[in-house]
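Scroll down for the structure; my scribbles are underneath it.
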Amino acid sequence: MLNLDLTEEQQLLEQSVREWGARAVAPRIHDLDRAHQFDRGVLPQMADLGLLGSCIPQKYGGAGMDYVSLGIASEELEYLDTSLRVIVSVHLGLNSLTLLAWGTEDQKTRYLIPQAQGKKIATYGLTEPSAGSDARGIQSVAIKKGDRYVLTGEKMWISLADVADNFLVFAWSDLDKKKQRDPNGISAFIVERVYKGFSSGTLKEKWGILAGNTGFFKMDEVEVPQENLVGREGEGFKIAMFALDQGRYTVAGGATGLIRACRDASVSYAKQRKAFGVEIGSHQLVKEMLAQMESDYQASRLLWMRAGWLKNAGRRNTKETGLAKWFATVASERAASDAVQIHGANGYSDEYPVGRFYRNCKGAVIYEGTREIHKLMQADYLLGYRSDRPTRCELPPYA
Ligand SMILES: Cc1cc2nc3c(=O)[nH]c(=O)nc-3n(C[C@H](O)[C@H](O)[C@H](O)COP(=O)(O)OP(=O)(O)OC[C@H]3O[C@@H](n4cnc5c(N)ncnc54)[C@H](O)[C@@H]3O)c2cc1C
């Protein structure tokens with residue numbers, strides 16, 4: 001039976017992230033954002049809270065929580081700042097959950113366990129300077145030489161590029177298939193920062209998620225042992241899409257948290273600020289914006305929860321997760337714009353957090369499938385142009 005009440009464990013997680021956020025993050029986030037500074041100090045604190053391996057089974061170093069808990073954590077983290085939720089999205093959503101489903105026991109021992117414990121930080125490298133939505137347009141190549149693959153290429157717009165230790169990287173291992181744009185020629189690899197020929201940098205010109213690290217990395221004939229091939233040769237495209245089912249789920253939960261942050265800041269301001277002799281909340285057009293935020297928040301929460309429920313049951317959820325991500329991110333852009341509007345000129349200043357929410361929300365309308373790509377996907381499901389076949393490896397259901 002469907003139950004929307006949070007379990008005791010989920011309530012405890014929600015409460016502990018809120019308490020930690022109010023104490024350790026909220027007083028500092030404005031300054032970190034203004035200074036464009038990623039605070040590495042949050043990583044061990046998030047590890048202590050179990051957030052870096054929340055829904056990874058305990059035997060692989062995680063906290064053994066269910067997938068709904070990952071949605072709750074994402075919502076609470078982005079309520080504080082988008083940069084915190086991004087850590088969970090790439091480290092746990094895109095990378096570790098993919099290793100959980102697709103990794104060998106050896107890869108789980110060497111990479112998943114230290115990642116789930118927060119001893120190593122991980123991210124995901126698909127996008128390149130000339131290819132984002134069109135993932136088959138990537139140019140990175142992986143040439144097999146004996147018992148190694150030699151990787152050459154450049155990845156762009158990578159969250160935690162200058163922070164992560166381990167990278168889940170996608171490259172063409174079949175050059176004939178590359179010419180034909182046949183995605184069965186792409187493979188997935190675990191690349192460590194310490195490998196010779198690897199270098200990374202931070203993008204300095206970004207105007208949102210300023211307390212987060214976003215950058216690029218280059219692979220100049222990086223030798224990767226064949227034991228680091230994830231899945232079979234040629235399964236990389238499927239693995240990249242599988243990873244997005246998990247990352248998008250965290251983005252949906254996070255955008256829901258951002259809508260709530262916009263709503264709470266706006267309600268509070270609407271009760272303080274007076275215009276025409278009354279609180280601005282008394283004006284019907286302000287009420288309308290607040291009511292829209294509430295309906296967007298509740299609808300977004302139900303959508304990510306349904307996706308989490310499907311994950312717990314071990315059921316395919318690409319369509320539902322995509323819908324949750326698309327709806328919540330578009331709604332978060334509306335909520336952030338209206339939150340600035342309700343704050344008037346004060347919303348246009350960094351004195352209030354809503355300007356930061358406005359800058360931060362836009363990224364999620366672009367990454368992990370742009371608004372347009374998600375629209376196309378949902379329409380294609382309706383039209384029967386797209387259907388989801390089970391992949392060889394799926395997330396283990398939550399028992
Ligand atoms: C802050 C941030 C963090 C990121 N982190 C990561 C990361 O950790 N790892 C990673 O691999 N990538 C990451 N990305 C990259 C992100 O996933 C890509 O930016 C995204 O996939 C879009 O690709 P693009 O920027 O190349 O845009 P393009 O694909 O060039 O799209 C440009 C425009 O054309 C539209 N468009 C493209 N194709 C179609 C179509 N078929 N129909 C209709 N419209 C279309 C798009 O919707 C968009 O509006 C990040 C991006 C940002 C902004």
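Chain lettering (A, B, ...) mirrors the order of the structure tokens, residue numbering begins at 1 for each chain separately, and ligand numbering begins at 1 in order of display.
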Could I get the residues of chain A with an atom no further than 7 Å from an atom of ligand 1, each paired with its nearest atom pair and that distance in Å to one decimal, using only C-alpha atoms and all ligand atoms, sorted by chain and residue number, as a Markdown table?
| residue | atom | partner | partner_atom_place_in_ligand_line | distance |
| --- | --- | --- | --- | --- |
| A:Val90 | CA | ligand 1 | 8 (O) | 6.0 |
| A:Thr123 | CA | ligand 1 | 8 (O) | 6.3 |
| A:Tyr124 | CA | ligand 1 | 9 (N) | 5.0 |
| A:Gly125 | CA | ligand 1 | 11 (O) | 4.1 |
| A:Leu126 | CA | ligand 1 | 11 (O) | 3.6 |
| A:Thr127 | CA | ligand 1 | 11 (O) | 3.9 |
| A:Ser130 | CA | ligand 1 | 26 (O) | 6.6 |
| A:Ala131 | CA | ligand 1 | 26 (O) | 5.0 |
| A:Gly132 | CA | ligand 1 | 23 (O) | 3.2 |
| A:Ser133 | CA | ligand 1 | 29 (O) | 3.6 |
| A:Asp134 | CA | ligand 1 | 29 (O) | 5.8 |
| A:Met156 | CA | ligand 1 | 12 (N) | 6.8 |
| A:Trp157 | CA | ligand 1 | 50 (C) | 4.6 |
| A:Ile158 | CA | ligand 1 | 8 (O) | 3.8 |
| A:Ser159 | CA | ligand 1 | 8 (O) | 3.8 |
| A:Leu160 | CA | ligand 1 | 8 (O) | 7.0 |
| A:Ile209 | CA | ligand 1 | 1 (C) | 6.8 |
| A:Thr214 | CA | ligand 1 | 3 (C) | 6.1 |
| A:Gly363 | CA | ligand 1 | 53 (C) | 4.7 |
| A:Ile366 | CA | ligand 1 | 20 (C) | 5.4 |
| A:Tyr367 | CA | ligand 1 | 17 (O) | 3.8 |
| A:Glu368 | CA | ligand 1 | 17 (O) | 4.8 |
| A:Gly369 | CA | ligand 1 | 21 (O) | 5.3 |
| A:Thr370 | CA | ligand 1 | 47 (O) | 4.7 |
| A:Arg371 | CA | ligand 1 | 47 (O) | 6.0 |
| A:Glu372 | CA | ligand 1 | 47 (O) | 4.4 |
| A:Ile373 | CA | ligand 1 | 47 (O) | 5.7 |
- [ ] Please identify all polymer residues within 12 Å of Lys119 (chain A), counting only C-alpha atoms, omitting same-chain residues fewer than 2 positions from it, and present them as a ChimeraX atom specification.
- [x] /A:43-48,50,52-53,61-62,91,110-117,121-122,164-166
Keeping only C-alpha atoms, write the selected residues as a compact mmCIF listing (two decimals), in the first residue's frame.
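After the write, result.txt holds the following:
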# COMPACT_ATOMS: atom_id res chain seq x y z
CA LEU A 43 32.37 16.91 2.76
CA PRO A 44 33.42 15.18 6.02
CA GLN A 45 30.37 16.69 7.74
CA MET A 46 28.08 15.30 5.04
CA ALA A 47 29.87 11.95 5.34
CA ASP A 48 29.25 11.93 9.12
CA GLY A 50 25.60 9.45 6.09
CA LEU A 52 27.46 10.53 0.84
CA GLY A 53 26.25 6.92 0.92
CA GLY A 61 29.97 1.15 3.28
CA GLY A 62 26.68 3.06 3.05
CA HIS A 91 28.83 11.67 -6.06
CA ARG A 110 37.98 -0.52 -4.53
CA TYR A 111 35.67 2.42 -5.35
CA LEU A 112 32.10 2.12 -4.05
CA ILE A 113 33.00 1.42 -0.41
CA PRO A 114 35.37 4.40 0.06
CA GLN A 115 32.92 6.63 -1.83
CA ALA A 116 29.95 5.57 0.31
CA GLN A 117 32.03 6.21 3.41
CA ILE A 121 34.66 11.87 -3.71
CA ALA A 122 33.29 10.96 -7.13
CA ALA A 164 36.62 14.62 -7.02
CA ASP A 165 39.05 11.71 -6.72
CA ASN A 166 37.17 9.29 -9.01
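Of the residues in region 174-260 of chain A, those given strand (DSSP E or B) by DSSP on the backbone are Ile186, Ser187, Ala188, Phe189, Ile190, Val191, Glu192, Phe198, Ser199, Ser200, Gly201, Thr202, Thr214, Gly215, Phe216, Phe217, Lys218, Met219, Asp220, Glu221, Val222, Glu223, Val224, Pro225, Leu229 and Val230 of chain A.
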For region 70-140 of chain A against region 325-343 of chain A, with a cut-off of 12 Å and counting only C-alpha atoms, what is the closest atom pair and its distance in Å to one decimal for every residue that makes the cut, ordered by chain and number, as CSV?
residue,atom,partner,partner_atom,distance
A:Gly71,CA,A:Lys325,CA,11.5
A:Glu75,CA,A:Ala328,CA,11.1
A:Glu78,CA,A:Ser332,CA,11.2
A:Tyr79,CA,A:Ser332,CA,11.5
A:Thr82,CA,A:Ser332,CA,11.7
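Shortest separation to His36 (chain A) among A:Lys206, A:Lys274, A:Lys196, A:Lys144 occurs at residue A:Lys206, atoms counted being only C-alpha atoms.
From CA of Phe217 (chain A) back to CA of Ala255 (chain A), the distance works out to 26.9 Å.
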Polymer residues at most 9 Å from Ser282 (chain A), only C-alpha atoms, same-chain spacing of 5 or more positions, as an mmCIF file with C-alpha atoms, in the first residue's frame:
data_model
loop_
_atom_site.group_PDB
_atom_site.id
_atom_site.type_symbol
_atom_site.label_atom_id
_atom_site.label_comp_id
_atom_site.auth_asym_id
_atom_site.auth_seq_id
_atom_site.Cartn_x
_atom_site.Cartn_y
_atom_site.Cartn_z
ATOM 1 C CA ALA A 270 4.983 39.254 2.533
ATOM 2 C CA LYS A 271 4.055 39.519 6.200
ATOM 3 C CA LYS A 287 -1.259 35.878 -2.803
#
List as a short mmCIF file (atom, residue, chain, number, x, y, z; two decimals) with C-alpha atoms, in the first residue's frame the protein and nucleic acid residues near Arg263 (chain A), meaning an atom at most 10 Å away when only C-alpha atoms are counted, but skip any in the same chain fewer than 6 places from it.
data_model
loop_
_atom_site.label_atom_id
_atom_site.label_comp_id
_atom_site.auth_asym_id
_atom_site.auth_seq_id
_atom_site.Cartn_x
_atom_site.Cartn_y
_atom_site.Cartn_z
CA GLY A 257 13.55 22.05 -1.84
CA TYR A 269 8.65 38.88 3.53
CA MET A 289 2.28 33.97 -6.48
CA LEU A 290 2.44 32.40 -3.00
CA ALA A 291 -0.38 29.98 -3.81
CA GLN A 292 1.38 28.96 -7.03
CA MET A 293 4.57 28.24 -5.07
CA GLU A 294 2.63 26.03 -2.68
CA ASP A 296 4.25 23.68 -7.30
CA TYR A 297 5.96 22.53 -4.10
CA ALA A 335 9.13 30.11 -7.91
CA ALA A 336 12.53 31.82 -7.82
CA ASP A 338 8.28 35.19 -8.26
CA ALA A 339 10.23 35.18 -4.99
CA VAL A 354 16.10 34.97 -3.19
#
Open item on the list: Calculated over only C-alpha atoms, which of the candidates A:Asp176, A:Asp350, A:Asp220, A:Asp182 has the smallest distance to Leu151 (chain A)?
Closed with: A:Asp220
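Considering the residues A:Gly236, A:Gly137, A:Arg316, A:Gln58 and counting only C-alpha atoms, Ser387 (chain A) has its shortest atom-to-atom contact with A:Arg316.
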Open item on the list: Can you tell me which residues surround Lys177 (chain A) at a distance of at most 12 Å, considering only C-alpha atoms, apart from same-chain residues fewer than 3 positions away, and format the answer as a count of residues only?
Closed with: 16
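Among the candidates A:Val286, A:Leu244, A:Ala275, A:Cys262, the residue lying nearest to Pro353 (chain A) is A:Cys262 (atoms considered: only C-alpha atoms).
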Task: DSSP-assigned helix (DSSP H, G or I) members of region 194-296 of chain A, reported as an NGL selection string - done: :A and (226-228 or 236-272 or 280-282 or 284-296)
Task: Using only C-alpha atoms: which of A:Glu8, A:Pro27, A:Ile259, A:Gln37 has the shortest distance to Lys204 (chain A) - done: A:Gln37
Open item on the list: Between CA of Lys238 (chain A) and CA of Leu94 (chain A), what distance in Å does the model show, to one decimal?
Closed with: 12.9 Å
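Taking CA of Met219 (chain A) and CA of Ile143 (chain A) as endpoints, the distance between them is 12.5 Å.
Counting only C-alpha atoms, Cys393 (chain A) has the following residues at most 9 Å away, ignoring those fewer than 4 positions along the same chain: Ala101, Trp102 and Gly231 of chain A.
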Mind dumping the selected residues with C-alpha atoms as a PDB file, in the first residue's frame?
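part-v4.pdb, freshly written:
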ATOM      1  CA  ALA A 101      24.118  -1.555 -10.172  1.00  0.00           C
ATOM      2  CA  TRP A 102      26.824  -2.057 -12.807  1.00  0.00           C
ATOM      3  CA  GLY A 231      29.813  -3.036 -17.579  1.00  0.00           C
TER       4      GLY A 231
END
